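Undergrad: Got a structure for you, written out below as structure tokens; questions coming shortly.
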2 protein chains.
Amino acid sequence: MGQQRPASAAAVAPPVPVTDRARTIDAVDPFIGTGGEGHTFPGAVAPFGMVQLSPDTDTSCVIRECYAHAAGYRHDDPTIEGFSHTHFSGAGHSDLGDVLVMPVSGDAVAMDPGTPAAPGYRSRFDHASEVARPGYYAVTLDASQVRAELTAGTRVGVHRYTFPSGTAAHLVLDLRRSLYNYPGKVLWSGLHLRSDGTLTGFRETRGWAPGRKLFFAMRFSAPLTGHALVDRDTDITYKGFQAPGRGSDALAEKLGKQLEARLDFGALDRPLEVRVALSGVDEAGAVANLDAEPGAFDAVQARTRAAWDAALGAVELEAPAPTRTIVATALYHSLIAPSVWSDADGRYRGPDDQVHQAEGYTFRSTFSLWDTFRAEHPLLTLVQPAQTTNDVVRSLVDSQRYSPHGILPVWQFAGRETWTMIGYHAVPVIADAYLKGFRGFDANAALDAMVTSADYAPYGGLGDYLKLGYVPIDREPEAASKTVEYAYDDWTIARMARALGRADVAQRFERRATNWRNSFDIRTGWLRARKSDGSYRTPFDPTAINYGSDYTEGNAWQYSWFMPQDQAGLFRLLGGDRKAIAKLDAMFDYDNSKLDYSHAEDIAGLIGQYIHGNEPSHHVAYLYNYAGAPWRTQERLKQIVDTQYHASPEGLSGNDDLGQMSAWLVFTALGFYPVAPGSNQYVIGRPFVSRATLRLPDGKSFTVVADGLSDANRYVGAVALNGKPLTRSWIEDGELRAGGELRFTMTARPNKAWGAARAARPFSTTR
Amino acid sequence: MGQQRPASAAAVAPPVPVTDRARTIDAVDPFIGTGGEGHTFPGAVAPFGMVQLSPDTDTSCVIRECYAHAAGYRHDDPTIEGFSHTHFSGAGHSDLGDVLVMPVSGDAVAMDPGTPAAPGYRSRFDHASEVARPGYYAVTLDASQVRAELTAGTRVGVHRYTFPSGTAAHLVLDLRRSLYNYPGKVLWSGLHLRSDGTLTGFRETRGWAPGRKLFFAMRFSAPLTGHALVDRDTDITYKGFQAPGRGSDALAEKLGKQLEARLDFGALDRPLEVRVALSGVDEAGAVANLDAEPGAFDAVQARTRAAWDAALGAVELEAPAPTRTIVATALYHSLIAPSVWSDADGRYRGPDDQVHQAEGYTFRSTFSLWDTFRAEHPLLTLVQPAQTTNDVVRSLVDSQRYSPHGILPVWQFAGRETWTMIGYHAVPVIADAYLKGFRGFDANAALDAMVTSADYAPYGGLGDYLKLGYVPIDREPEAASKTVEYAYDDWTIARMARALGRADVAQRFERRATNWRNSFDIRTGWLRARKSDGSYRTPFDPTAINYGSDYTEGNAWQYSWFMPQDQAGLFRLLGGDRKAIAKLDAMFDYDNSKLDYSHAEDIAGLIGQYIHGNEPSHHVAYLYNYAGAPWRTQERLKQIVDTQYHASPEGLSGNDDLGQMSAWLVFTALGFYPVAPGSNQYVIGRPFVSRATLRLPDGKSFTVVADGLSDANRYVGAVALNGKPLTRSWIEDGELRAGGELRFTMTARPNKAWGAARAARPFSTTR
């Protein structure tokens, strides 16, 4: 029996001894999001690890379309094709699935995966045999009866395969496979079996990241009794020079586009362990990364479990079981990207495809910035050591330095720019960090990089935006979305420039921050795409979702709310609080029965025209606060959490988007959300956990308590900060970082007076 | 009028003041070998330069087969396609032709080369407008009326294009082109136009060197007025992600497989200069290499001319004009490879495709070792600073260190192994250097690398060779050639091991050095391919040349002489001097009229069954000395030089093979030849120059004088070393390096007594 806490605690509750609390790590369920639209993976990864070692149920897009297998694994697939070392957590587009390994037992070794109906090295499996925990995954493969276990360190993945006794053990390494596969994707690859038994190799691929290079090094716990390095290319138009007597099978190097290795170990009397390190630099880097994280499976697993325990322990949670599971898992999913990309010695391959040295920091990549500037990066500023945020900023700024275009990352992974989505949202990430007091980077150099990016005329209609004050739809697609997102990014530049005392930059970008108005049609009350002659494009339908059209993955319903820096200004244009609330309600309550969005990617999680499965909507439920009606935000949040998050594989209503969907839930569960990163404010919603303690980067703690939390008590009756009533509907970042307690009193009836006053409303440039 | 030398000089002639002598550089004609079978290039290169900037008359193999265009340029082609930066000097197989640039004038810029009949950017040219000197090439392009001049430093090429006044100047950069081109050869390539105006890029190609990577950086003397980076790929099965609004033309990066750039400069009032640097490491390395060799065209040209003047000045020549030209040009061609491959900062891409650091030396590649171990490398030990030979050895040993197979290079370029030809002939190169006293490397580590290579069972039948004492033809093609070449290489290992006091290694390899006997059929008197059951393969025809057959690019006539370590042993097997001489004569005098070798590559320069155009024959004319008949060698040498070398584009009877054909001539012209590198002996033939002075690496001089040299005086009547009669038919390397004079008295009648005694004959293991 645990020690019972008093029902009415002192204003600031004394810390509960750690030993008495359930640990957050134990509530994580990595299967959440592996079905439905979540696109998460169940395999092993360390916090922000370069290696994501996870089962792929299909890489050939034969079972279902590629999109469904963006993370390699789908919970409802019947077979596992193999275990590969890189995966995105919740991406919409995809790639990766590098260095696929599959154990095979017995004498016949299939060298092709086959199909579920006619399997080659592919195997059926049963979910009953699966185990997934942070840093650990296990499954039994029906075909070979191999027990497969996976763990991962930062740059290392370790496989442990227990073969049936007395049967010959083999591994198939298939360098042909990748996620979002297609003929010609592998540009070149190589395998080198070195005299010390280390197998190294590399792969260069086309795809989402053009010309991506990845290197690996692999060592085995048992000696090879045989091997074959084979080129399966059947379409070699020119074989190159073949020296007589080359004896290609005997030589320990193979280069080509369609390489595989068969590795033989004979009958083993103990499990086979395979240690694999990755590098973006070179094979020597992969070998050094392998040496930098020594130890066998159990040692690596123990280190990674300790790392996850520490990282997840930054948020201690008390909540009913399903809520605790979805919030703990959300925190887990928010601590996977941006991934470490530099080698143990600091070298990394940058956006110019060249190798650079990260001096005094760890270079990170996998920046899904259009998604993650919203809540994912702000969350990391609270739950991670300061070094993480400083690493992020330095990685972004050095990426700009080495970008062939001289601009900050847009959507970067493996150090390479993919030009996915819109905006220059590295800008709010950097500004948010600086304004919150992070100083582990050269702030003036960072601001210069931000300004350079925001002034880069060839990018996404920016030239016209600079001239006209908006992006014209007759010259650039998705012009309406670009205009408002640029204007928000510009506002964060202005904020940071003011803080740095650079008034000239601040003035220029404060003016640009109002550009959202230039694409807002006051007459109709919608954000609309405007042509270069000044007219709004017709025909106009606020429910239409057409890619390459006026908006980015959305329509006027979602995008007309995107001016986080000036929601009050928007509400004035809409005709005041009442009309703004009515329009918000009209969005949530819209009857979609006559609409068909089956053609549109990433449109999932619809509540009327509110689309929780995609990011443009993520701040919108909090906007009632800006109209003085926080109780309406509280209602909408319950509606969203109840319908959009579940403790099941299908528990995410949209792509997790490298942690953004999850970070939304972590914040929302705590009772507040960063509607406008750069404002240093968190808008208060309502908590979904009865108690949570944030272990802040500097060692202080901030506790959220929800007195009376229940399904019926869905409203916030009162809020107290450190024992004093809080009448405004936001808290400041500094208040959080100072440590203390935010105590909600939950009630069944709304407190419509709380937060209604103008002064009680969150920040807007228009007051 | 020059100062006249006295007709009968003192025993050792006083050095002639430099100002009074014609300089060797002025006798070089880079066009020699650019027609016929020579496969040399006429363009600009510095001694051992990484950059070989030269015109390509055809890269598409449309005019003639690829083989004819191994060096890009053929003297009898009517058009020039462009100027590219890498070329082999005299290779049989080919590749390279990287970063092709072509100037175009006027408003219409063709982006394809077209054909000679329907030219695109290709242009006709007239040989009358051509100039070629060491480090300089110029031509006028008929189509554009551009005067094109090329020069090159070690890692830099500089173009100077003078456009007709008032016409718009453009450059086309075609990354699609290469030598030995075919669809799919370019794996990936990139172009980055940087904000400082530097154009950098890279290319990864399949081909002779699999997965070869080359990087470049390019700067222009005039600002760009416009540009287009274009992808001409018409076979893109998957376009990858295309972000909306990416504005691909406006952005200054392009990645793809079929890239071109159009660079516009407007009308220029002065010549356009283009400075280009290469790197095997990365684009930053190319930029640093560009900065490491500063200066405009004239400055780079002047530096390179000075470097050539110094390098060619190592052999001062006096001879009739055509002989002086062919020998000076031969020396020039022997100083092009092995090329510098490491960057200015010492980084290089090694055989494992990884970047390494050359510590305290310059890494070199382009090792055509099957050819060059014979005379090219021995020549470099005499005419180049010691650093060159030490660099060669360190590059070979470090290549072994970083080889995925752990063996020394076979045929390496751009740091990559191509597995071309046979043997482990890095071994005699290293042994020759060590035995001659070169010490700029770790000799014991080098010996270990040699032994490892010689024991590497998977390579070329070595496993069977170790077991059986010969390579069996039923298990490995070209077995007869491999057996004798391995045995010679083994002998050089033994020699070096003895010198290092490593008796165990020496004993083992002394035994292996006799293995040539195991494939020599005493009954028939031929080297023959033997099966694993011990029998000789039948049917047997000593004139048959079939690739993949018993011999390598040859037949029993040529290969039955390859036991340089034991020619006396061979002659005993043949039945003594008389029978050996008769067989040599039978070879030279063979009537080929009934044979057809049109199917066989690199079989050119036939004198009976002696084939001067290919290497297995190169030492054979000197073998009469081993039978006590140097006067017969003297006759054969005149026969060979008169028929196989000419001062014309068709002046080389076979591929120059990275200097081996040329090094043969340089040695032969001086009057001696290294029949058995590793023996420290040079076998005396007869001189073809009236006087030559070698400027040796340590500053000493060695002068050869041919008194009475004339067409009629084709025999050596007497030889004196430093004024004393020399009765043996060889000189020691130490005698050469001590400095002094070797004086020949040429006569019309042979001196059959000279060199006839057994003690007067060159080294053989059997005495």
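How things are named: the first chain in the structure tokens is A, the next is B, and so on; residues count from 1 in each chain; ligands count from 1 in the order shown.
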Report as a list in words: the residues of stretch 274-480 of chain B with a DSSP assignment of strand (DSSP E or B), based on the backbone of this structure.
TA: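 Selecting the strand (DSSP E or B) positions of stretch 274-480 of chain B gives Val274, Arg275, Val276, Ala277, Leu278, Ser279, Val315, Glu316, Leu317, Glu318, Ser339, Val340, Arg347, Tyr348, Arg349, Val355, His356, Gln357, Arg364, Ser365, Phe367, Ser368, Trp411, Gln412, Phe413, Arg416, Glu417 and Pro472 of chain B.
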Undergrad: Between A:Asp504, A:Asp142, A:Asp657, A:Asp309, which residue has the minimum interatomic distance to A:Trp411, considering only C-alpha atoms?
TA: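 Using only C-alpha atoms, A:Trp411 sits closest to A:Asp657.
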Undergrad: Of the candidates B:Tyr626, B:Tyr161, B:Tyr137, B:Tyr402, which shows the shortest atom-to-atom distance to A:Arg194, using only C-alpha atoms?
TA: B:Tyr402
Undergrad: Show which residues sit within 6 Å of stretch 52-66 of chain B, as a list in words. Count only C-alpha atoms, and ignore same-chain residues fewer than 2 positions away.
TA: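 After dropping sequence-adjacent residues, the list is Gly43, Ala44, Val45, Ala68, His69, Gly72, Tyr73, Thr79, Ile80, Glu81, Gly82, Phe83, Ser84, His85, Thr86, His87, Leu179 and Tyr180 of chain B.
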Undergrad: Find the residues near B:Gly201: any atom within 9 Å, counting only C-alpha atoms, skip ones fewer than 6 places away on the same chain, and give them as an MDAnalysis selection string.
TA: chainID B and resid 189:193 214:218 282:283
Undergrad: What parts of stretch 495-566 of chain B does DSSP call alpha helix (DSSP H)? I'd like the answer as a PyMOL selection string.
TA: chain B and resi 495-499+503-512+556-559
Undergrad: Skipping near chain neighbours, those fewer than 2 positions away, what residues fall within 9 Å of B:Gly313 using only C-alpha atoms, listed as a PDB file with all heavy atoms, in the first residue's frame?
TA:
ATOM      1  N   ARG B  23      66.843  22.848 -74.299  1.00  0.00           N
ATOM      2  CA  ARG B  23      66.153  22.265 -73.166  1.00  0.00           C
ATOM      3  C   ARG B  23      65.261  21.125 -73.647  1.00  0.00           C
ATOM      4  O   ARG B  23      64.630  21.200 -74.703  1.00  0.00           O
ATOM      5  CB  ARG B  23      65.336  23.326 -72.441  1.00  0.00           C
ATOM      6  CG  ARG B  23      66.200  24.547 -72.069  1.00  0.00           C
ATOM      7  CD  ARG B  23      65.538  25.416 -71.039  1.00  0.00           C
ATOM      8  NE  ARG B  23      65.418  24.737 -69.754  1.00  0.00           N
ATOM      9  CZ  ARG B  23      66.426  24.608 -68.888  1.00  0.00           C
ATOM     10  NH1 ARG B  23      67.623  25.072 -69.167  1.00  0.00           N
ATOM     11  NH2 ARG B  23      66.229  23.993 -67.753  1.00  0.00           N
ATOM     12  N   THR B  24      65.196  20.068 -72.854  1.00  0.00           N
ATOM     13  CA  THR B  24      64.416  18.893 -73.237  1.00  0.00           C
ATOM     14  C   THR B  24      62.960  19.262 -73.480  1.00  0.00           C
ATOM     15  O   THR B  24      62.310  18.752 -74.393  1.00  0.00           O
ATOM     16  CB  THR B  24      64.532  17.820 -72.140  1.00  0.00           C
ATOM     17  OG1 THR B  24      65.913  17.565 -71.900  1.00  0.00           O
ATOM     18  CG2 THR B  24      63.838  16.535 -72.552  1.00  0.00           C
ATOM     19  N   ILE B  25      62.432  20.172 -72.656  1.00  0.00           N
ATOM     20  CA  ILE B  25      61.017  20.543 -72.771  1.00  0.00           C
ATOM     21  C   ILE B  25      60.668  21.006 -74.186  1.00  0.00           C
ATOM     22  O   ILE B  25      59.559  20.754 -74.665  1.00  0.00           O
ATOM     23  CB  ILE B  25      60.651  21.616 -71.712  1.00  0.00           C
ATOM     24  CG1 ILE B  25      59.127  21.825 -71.656  1.00  0.00           C
ATOM     25  CG2 ILE B  25      61.373  22.924 -71.971  1.00  0.00           C
ATOM     26  CD1 ILE B  25      58.674  22.733 -70.514  1.00  0.00           C
ATOM     27  N   TRP B 308      57.560  21.489 -65.517  1.00  0.00           N
ATOM     28  CA  TRP B 308      57.926  20.563 -66.602  1.00  0.00           C
ATOM     29  C   TRP B 308      59.392  20.726 -66.987  1.00  0.00           C
ATOM     30  O   TRP B 308      60.092  19.745 -67.276  1.00  0.00           O
ATOM     31  CB  TRP B 308      57.028  20.778 -67.825  1.00  0.00           C
ATOM     32  CG  TRP B 308      55.768  19.980 -67.789  1.00  0.00           C
ATOM     33  CD1 TRP B 308      54.496  20.460 -67.798  1.00  0.00           C
ATOM     34  CD2 TRP B 308      55.657  18.556 -67.740  1.00  0.00           C
ATOM     35  NE1 TRP B 308      53.587  19.424 -67.748  1.00  0.00           N
ATOM     36  CE2 TRP B 308      54.279  18.239 -67.726  1.00  0.00           C
ATOM     37  CE3 TRP B 308      56.579  17.510 -67.704  1.00  0.00           C
ATOM     38  CZ2 TRP B 308      53.803  16.929 -67.665  1.00  0.00           C
ATOM     39  CZ3 TRP B 308      56.116  16.194 -67.654  1.00  0.00           C
ATOM     40  CH2 TRP B 308      54.742  15.920 -67.636  1.00  0.00           C
ATOM     41  N   ASP B 309      59.838  21.958 -67.025  1.00  0.00           N
ATOM     42  CA  ASP B 309      61.232  22.211 -67.396  1.00  0.00           C
ATOM     43  C   ASP B 309      62.159  21.516 -66.411  1.00  0.00           C
ATOM     44  O   ASP B 309      63.141  20.863 -66.801  1.00  0.00           O
ATOM     45  CB  ASP B 309      61.484  23.722 -67.407  1.00  0.00           C
ATOM     46  CG  ASP B 309      62.840  24.051 -68.003  1.00  0.00           C
ATOM     47  OD1 ASP B 309      63.221  23.409 -69.002  1.00  0.00           O
ATOM     48  OD2 ASP B 309      63.510  24.930 -67.445  1.00  0.00           O
ATOM     49  N   ALA B 310      61.833  21.605 -65.138  1.00  0.00           N
ATOM     50  CA  ALA B 310      62.651  20.944 -64.120  1.00  0.00           C
ATOM     51  C   ALA B 310      62.550  19.428 -64.252  1.00  0.00           C
ATOM     52  O   ALA B 310      63.561  18.708 -64.183  1.00  0.00           O
ATOM     53  CB  ALA B 310      62.203  21.384 -62.727  1.00  0.00           C
ATOM     54  N   ALA B 311      61.349  18.913 -64.445  1.00  0.00           N
ATOM     55  CA  ALA B 311      61.159  17.455 -64.497  1.00  0.00           C
ATOM     56  C   ALA B 311      61.817  16.862 -65.741  1.00  0.00           C
ATOM     57  O   ALA B 311      62.500  15.831 -65.672  1.00  0.00           O
ATOM     58  CB  ALA B 311      59.670  17.116 -64.465  1.00  0.00           C
ATOM     59  N   VAL B 315      66.680  14.666 -67.759  1.00  0.00           N
ATOM     60  CA  VAL B 315      67.396  13.970 -68.839  1.00  0.00           C
ATOM     61  C   VAL B 315      67.719  14.999 -69.920  1.00  0.00           C
ATOM     62  O   VAL B 315      66.837  15.459 -70.643  1.00  0.00           O
ATOM     63  CB  VAL B 315      66.560  12.819 -69.436  1.00  0.00           C
ATOM     64  CG1 VAL B 315      67.403  12.052 -70.460  1.00  0.00           C
ATOM     65  CG2 VAL B 315      66.069  11.871 -68.349  1.00  0.00           C
ATOM     66  N   GLU B 316      68.986  15.374 -69.981  1.00  0.00           N
ATOM     67  CA  GLU B 316      69.413  16.275 -71.053  1.00  0.00           C
ATOM     68  C   GLU B 316      69.834  15.428 -72.241  1.00  0.00           C
ATOM     69  O   GLU B 316      70.545  14.441 -72.078  1.00  0.00           O
ATOM     70  CB  GLU B 316      70.575  17.136 -70.578  1.00  0.00           C
ATOM     71  CG  GLU B 316      70.131  18.148 -69.534  1.00  0.00           C
ATOM     72  CD  GLU B 316      71.304  18.686 -68.737  1.00  0.00           C
ATOM     73  OE1 GLU B 316      72.447  18.416 -69.129  1.00  0.00           O
ATOM     74  OE2 GLU B 316      71.058  19.344 -67.717  1.00  0.00           O
ATOM     75  N   LEU B 317      69.356  15.814 -73.397  1.00  0.00           N
ATOM     76  CA  LEU B 317      69.487  14.942 -74.566  1.00  0.00           C
ATOM     77  C   LEU B 317      70.200  15.628 -75.716  1.00  0.00           C
ATOM     78  O   LEU B 317      69.883  16.771 -76.054  1.00  0.00           O
ATOM     79  CB  LEU B 317      68.085  14.551 -75.063  1.00  0.00           C
ATOM     80  CG  LEU B 317      67.241  13.650 -74.178  1.00  0.00           C
ATOM     81  CD1 LEU B 317      65.812  13.626 -74.687  1.00  0.00           C
ATOM     82  CD2 LEU B 317      67.834  12.244 -74.157  1.00  0.00           C
ATOM     83  N   VAL B 383      64.859   9.570 -62.407  1.00  0.00           N
ATOM     84  CA  VAL B 383      64.674  10.916 -62.970  1.00  0.00           C
ATOM     85  C   VAL B 383      63.816  11.819 -62.089  1.00  0.00           C
ATOM     86  O   VAL B 383      63.660  13.001 -62.400  1.00  0.00           O
ATOM     87  CB  VAL B 383      64.056  10.857 -64.392  1.00  0.00           C
ATOM     88  CG1 VAL B 383      64.953  10.048 -65.303  1.00  0.00           C
ATOM     89  CG2 VAL B 383      62.642  10.292 -64.348  1.00  0.00           C
ATOM     90  N   LEU B 694      71.832  12.308 -67.150  1.00  0.00           N
ATOM     91  CA  LEU B 694      70.783  12.107 -66.149  1.00  0.00           C
ATOM     92  C   LEU B 694      71.103  12.966 -64.943  1.00  0.00           C
ATOM     93  O   LEU B 694      72.187  12.861 -64.363  1.00  0.00           O
ATOM     94  CB  LEU B 694      70.766  10.641 -65.703  1.00  0.00           C
ATOM     95  CG  LEU B 694      70.085   9.617 -66.588  1.00  0.00           C
ATOM     96  CD1 LEU B 694      70.377   8.213 -66.072  1.00  0.00           C
ATOM     97  CD2 LEU B 694      68.582   9.879 -66.568  1.00  0.00           C
ATOM     98  N   ARG B 695      70.166  13.812 -64.548  1.00  0.00           N
ATOM     99  CA  ARG B 695      70.292  14.550 -63.289  1.00  0.00           C
ATOM    100  C   ARG B 695      69.605  13.698 -62.230  1.00  0.00           C
ATOM    101  O   ARG B 695      68.377  13.608 -62.191  1.00  0.00           O
ATOM    102  CB  ARG B 695      69.615  15.918 -63.389  1.00  0.00           C
ATOM    103  CG  ARG B 695      70.132  16.788 -64.534  1.00  0.00           C
ATOM    104  CD  ARG B 695      71.512  17.318 -64.232  1.00  0.00           C
ATOM    105  NE  ARG B 695      72.084  18.029 -65.389  1.00  0.00           N
ATOM    106  CZ  ARG B 695      73.359  18.338 -65.500  1.00  0.00           C
ATOM    107  NH1 ARG B 695      74.232  17.998 -64.544  1.00  0.00           N
ATOM    108  NH2 ARG B 695      73.806  18.970 -66.556  1.00  0.00           N
TER     109      ARG B 695
END
Undergrad: Using only C-alpha atoms, find the one residue out of B:Ala143, B:Ala604, B:Leu255, B:Ala307 that sits nearest to chain A.
TA: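 Ranking B:Ala143, B:Ala604, B:Leu255, B:Ala307 by distance to chain A, first place goes to B:Leu255.
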Undergrad: Work out how far apart atom CA of A:Gly740 and atom CA of A:Phe702 are and give it in Å to one decimal.
TA: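 The value is 4.7 Å.
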Undergrad: Would you compute the distance between atom CA of B:Phe363 and atom CA of B:Arg394? Give it in Å to one decimal.
TA: 7.5 Å
Undergrad: Residues within 10 Å of B:Asn722, please, as a ChimeraX atom specification. Count only C-alpha atoms; anything in the same chain fewer than 2 positions from it doesn't count.
TA: /B:11-13,702-703,719-720,724-726,735,739-743
Undergrad: If we count only C-alpha atoms, what is near B:Thr552 at a cut-off of 9 Å, once residues fewer than 5 positions away on the same chain are taken out, given as a list of chain:residue names?
TA: B:Met421, B:Ile422, B:Pro477, B:Glu478, B:Ala479, B:Ala480, B:Ser481, B:Lys482, B:Ile545, B:Asn546, B:Tyr547, B:Tyr559, B:Pro616
Undergrad: Could you tell me which of B:Phe540, B:Phe41, B:Phe48, B:Phe688 comes closest to B:Ile326 if we count only C-alpha atoms?
TA: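 Residue with the minimum atom-to-atom distance to B:Ile326: B:Phe688.
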Undergrad: State, in Å with one decimal place, the distance from atom CA of A:Asn289 to atom CA of A:Ala277.
TA: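 Between atom CA of A:Asn289 and atom CA of A:Ala277 the gap works out to 6.0 Å.
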